[in-house]
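The next block holds one structure in the form of structure tokens; read it before the comments.
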Amino acid sequence: MELHQNLLGEPPETRLPDTPEAREALAASTDPSEVAARYPVYSAAWARLAERAFGSGDPVAAYAYARTGYHRGLDQLRRAGWKGHGPVPWEHEPNQGFLRSLHMLAAAAGAIGETDEAERCATFLRDSSPAAAKALQS
């Protein structure tokens with residue numbers, strides 16, 4: 001028996017429900033702000049906005065977009081049964097918007113000097129999905 005084994009076990013994976021209409025709108029649109037306005041609970045649109053703002057050198061806007069996507073995702077995770085910890089698998093495509101928002105929140109927080117928040121978000125990402133943390137590394 002492993003000395004540091006968690007005898008209570010891990011909580012089950014949380015898998016967000018798919019939203020095909022929002023996913024298809026984002027795939028078809030060149031402007032994620034249109035999708036975010038039409039489907040404001042869809043974290044992937046907010047993540048795309050954060051990525052675009054960060055890539056164009058606007059970490060403050062990236063922070064705001066990422067925070068919105070992160071909070072929308074937390075709301076959905078809680079509705080899906082998440083209790084504040086446990087795996088949020090990257091391999092489940094509907095989870096990726098939340099995980100990308102969390103990653104961008106860490107990056108944007110770091111860029112504006114919010115080092116404590118950047119580290120908390122990076123740790124949260126690694127704890128929620130090591131695969132997402134690896135896939136999203138720059």
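FYI, nothing fancy with the structure tokens labels: chains A, B, ... in order, residues from 1 per chain, ligands from 1 as they appear.
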Can you list, as a PyMOL selection string, every protein, DNA or RNA residue that comes within 9 Å of A:Arg48 when you count only C-alpha atoms, leaving out same-chain residues fewer than 2 positions away? chain A and resi 32-33+43-46+50-53+65-66+97+100-101
Saved selection, atoms kept: N, CA and C atoms, as a CSV table (one decimal), in the first residue's frame:
chain,number,residue,atom,x,y,z
A,32,PRO,N,-15.3,36.3,-32.2
A,32,PRO,CA,-15.8,35.7,-31.0
A,32,PRO,C,-16.7,36.6,-30.2
A,33,SER,N,-16.6,37.9,-30.3
A,33,SER,CA,-17.4,38.8,-29.5
A,33,SER,C,-18.9,38.6,-29.9
A,43,SER,N,-18.0,29.5,-22.3
A,43,SER,CA,-16.7,29.9,-21.9
A,43,SER,C,-15.7,29.9,-23.1
A,44,ALA,N,-15.9,29.1,-24.1
A,44,ALA,CA,-14.9,29.0,-25.2
A,44,ALA,C,-14.9,30.3,-26.0
A,45,ALA,N,-16.0,31.0,-26.1
A,45,ALA,CA,-16.0,32.3,-26.8
A,45,ALA,C,-15.2,33.4,-26.0
A,46,TRP,N,-15.3,33.3,-24.6
A,46,TRP,CA,-14.6,34.3,-23.8
A,46,TRP,C,-13.1,33.9,-23.8
A,50,ALA,N,-10.0,36.3,-25.0
A,50,ALA,CA,-8.9,36.5,-24.1
A,50,ALA,C,-7.6,36.2,-24.9
A,51,GLU,N,-7.6,35.1,-25.6
A,51,GLU,CA,-6.4,34.8,-26.4
A,51,GLU,C,-6.1,35.8,-27.4
A,52,ARG,N,-7.1,36.3,-28.1
A,52,ARG,CA,-6.9,37.3,-29.1
A,52,ARG,C,-6.4,38.6,-28.5
A,53,ALA,N,-7.0,39.1,-27.4
A,53,ALA,CA,-6.5,40.3,-26.7
A,53,ALA,C,-5.1,40.2,-26.2
A,65,TYR,N,-11.7,39.4,-20.2
A,65,TYR,CA,-12.3,38.3,-20.9
A,65,TYR,C,-12.1,36.9,-20.3
A,66,ALA,N,-10.9,36.7,-19.9
A,66,ALA,CA,-10.6,35.4,-19.2
A,66,ALA,C,-11.4,35.2,-17.9
A,97,GLY,N,-13.2,25.2,-23.0
A,97,GLY,CA,-13.4,26.6,-22.9
A,97,GLY,C,-13.1,27.1,-21.5
A,100,ARG,N,-9.3,26.7,-20.9
A,100,ARG,CA,-8.5,27.8,-21.7
A,100,ARG,C,-8.7,29.1,-21.0
A,101,SER,N,-9.9,29.4,-20.5
A,101,SER,CA,-10.1,30.7,-19.8
A,101,SER,C,-9.2,30.7,-18.5
Need the shell around stretch 13-24 of chain A: protein/DNA/RNA residues with any atom at most 12 Å away, counting only C-alpha atoms. Skip same-chain ones fewer than 2 positions apart. Format as a ChimeraX atom specification? /A:9-11,26-30,32,34-46,48,72-99,128-129
Apply DSSP to the backbone of this structure and, from stretch 1-137 of chain A, keep only the residues in alpha helix (DSSP H); write these as a ChimeraX atom specification. /A:20-28,32-38,43-55,59-79,96-111,115-128,130-136
Save out the residues we just selected, C-alpha atoms, as an mmCIF file, in the first residue's frame.
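And here's result01.cif as it stands now:
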data_model
loop_
_atom_site.group_PDB
_atom_site.id
_atom_site.type_symbol
_atom_site.label_atom_id
_atom_site.label_comp_id
_atom_site.auth_asym_id
_atom_site.auth_seq_id
_atom_site.Cartn_x
_atom_site.Cartn_y
_atom_site.Cartn_z
ATOM 1 C CA PRO A 20 -23.608 22.464 -30.096
ATOM 2 C CA GLU A 21 -25.229 25.705 -31.259
ATOM 3 C CA ALA A 22 -22.622 27.840 -29.459
ATOM 4 C CA ARG A 23 -19.743 25.564 -30.555
ATOM 5 C CA GLU A 24 -20.901 25.710 -34.174
ATOM 6 C CA ALA A 25 -21.356 29.495 -34.009
ATOM 7 C CA LEU A 26 -17.804 29.927 -32.726
ATOM 8 C CA ALA A 27 -16.423 27.619 -35.409
ATOM 9 C CA ALA A 28 -18.261 29.590 -38.112
ATOM 10 C CA PRO A 32 -15.820 35.657 -31.034
ATOM 11 C CA SER A 33 -17.442 38.756 -29.510
ATOM 12 C CA GLU A 34 -20.558 38.028 -31.580
ATOM 13 C CA VAL A 35 -20.666 34.512 -30.146
ATOM 14 C CA ALA A 36 -20.046 35.757 -26.583
ATOM 15 C CA ALA A 37 -22.909 38.242 -26.978
ATOM 16 C CA ARG A 38 -25.241 35.564 -28.333
ATOM 17 C CA SER A 43 -16.653 29.916 -21.929
ATOM 18 C CA ALA A 44 -14.911 29.029 -25.191
ATOM 19 C CA ALA A 45 -15.983 32.340 -26.761
ATOM 20 C CA TRP A 46 -14.560 34.257 -23.782
ATOM 21 C CA ALA A 47 -11.364 32.202 -23.938
ATOM 22 C CA ARG A 48 -10.980 33.024 -27.637
ATOM 23 C CA LEU A 49 -11.484 36.734 -26.870
ATOM 24 C CA ALA A 50 -8.864 36.539 -24.103
ATOM 25 C CA GLU A 51 -6.390 34.763 -26.379
ATOM 26 C CA ARG A 52 -6.910 37.346 -29.114
ATOM 27 C CA ALA A 53 -6.499 40.307 -26.722
ATOM 28 C CA PHE A 54 -3.409 38.781 -25.109
ATOM 29 C CA GLY A 55 -1.899 38.026 -28.492
ATOM 30 C CA PRO A 59 -3.315 41.955 -21.119
ATOM 31 C CA VAL A 60 -5.945 44.029 -19.288
ATOM 32 C CA ALA A 61 -8.658 43.148 -21.821
ATOM 33 C CA ALA A 62 -7.389 39.549 -21.856
ATOM 34 C CA TYR A 63 -7.726 39.463 -18.066
ATOM 35 C CA ALA A 64 -11.314 40.731 -18.213
ATOM 36 C CA TYR A 65 -12.341 38.294 -20.943
ATOM 37 C CA ALA A 66 -10.598 35.371 -19.231
ATOM 38 C CA ARG A 67 -12.178 36.194 -15.864
ATOM 39 C CA THR A 68 -15.617 36.210 -17.492
ATOM 40 C CA GLY A 69 -15.018 32.835 -19.158
ATOM 41 C CA TYR A 70 -13.604 31.435 -15.928
ATOM 42 C CA HIS A 71 -16.612 32.493 -13.843
ATOM 43 C CA ARG A 72 -19.104 31.305 -16.459
ATOM 44 C CA GLY A 73 -17.284 27.961 -16.447
ATOM 45 C CA LEU A 74 -17.291 27.734 -12.642
ATOM 46 C CA ASP A 75 -21.050 28.255 -12.664
ATOM 47 C CA GLN A 76 -21.471 25.440 -15.185
ATOM 48 C CA LEU A 77 -19.094 23.132 -13.296
ATOM 49 C CA ARG A 78 -21.096 23.607 -10.107
ATOM 50 C CA ARG A 79 -24.349 22.870 -11.938
ATOM 51 C CA GLN A 96 -11.883 23.163 -22.893
ATOM 52 C CA GLY A 97 -13.440 26.649 -22.854
ATOM 53 C CA PHE A 98 -13.279 26.779 -19.057
ATOM 54 C CA LEU A 99 -9.741 25.355 -18.975
ATOM 55 C CA ARG A 100 -8.521 27.763 -21.678
ATOM 56 C CA SER A 101 -10.111 30.667 -19.782
ATOM 57 C CA LEU A 102 -8.343 29.554 -16.607
ATOM 58 C CA HIS A 103 -5.040 29.324 -18.475
ATOM 59 C CA MET A 104 -5.514 32.801 -19.966
ATOM 60 C CA LEU A 105 -6.493 34.207 -16.572
ATOM 61 C CA ALA A 106 -3.174 32.944 -15.192
ATOM 62 C CA ALA A 107 -1.234 34.389 -18.127
ATOM 63 C CA ALA A 108 -2.984 37.767 -18.080
ATOM 64 C CA ALA A 109 -2.748 38.029 -14.285
ATOM 65 C CA GLY A 110 0.991 37.433 -14.549
ATOM 66 C CA ALA A 111 1.305 40.028 -17.300
ATOM 67 C CA THR A 115 1.550 37.165 -9.342
ATOM 68 C CA ASP A 116 -0.421 35.543 -6.508
ATOM 69 C CA GLU A 117 -3.480 35.136 -8.729
ATOM 70 C CA ALA A 118 -1.352 33.944 -11.639
ATOM 71 C CA GLU A 119 0.137 31.220 -9.460
ATOM 72 C CA ARG A 120 -3.252 30.225 -7.962
ATOM 73 C CA CYS A 121 -4.768 29.902 -11.440
ATOM 74 C CA ALA A 122 -1.797 27.948 -12.795
ATOM 75 C CA THR A 123 -2.010 25.564 -9.824
ATOM 76 C CA PHE A 124 -5.776 25.228 -10.243
ATOM 77 C CA LEU A 125 -5.267 24.374 -13.926
ATOM 78 C CA ARG A 126 -2.616 21.734 -13.160
ATOM 79 C CA ASP A 127 -4.765 20.234 -10.395
ATOM 80 C CA SER A 128 -7.911 20.188 -12.552
ATOM 81 C CA PRO A 130 -2.616 18.068 -16.058
ATOM 82 C CA ALA A 131 -3.324 17.361 -19.749
ATOM 83 C CA ALA A 132 -4.727 20.891 -20.228
ATOM 84 C CA ALA A 133 -1.769 22.448 -18.431
ATOM 85 C CA LYS A 134 0.592 20.547 -20.721
ATOM 86 C CA ALA A 135 -1.385 21.285 -23.901
ATOM 87 C CA LEU A 136 -1.658 24.999 -23.135
#
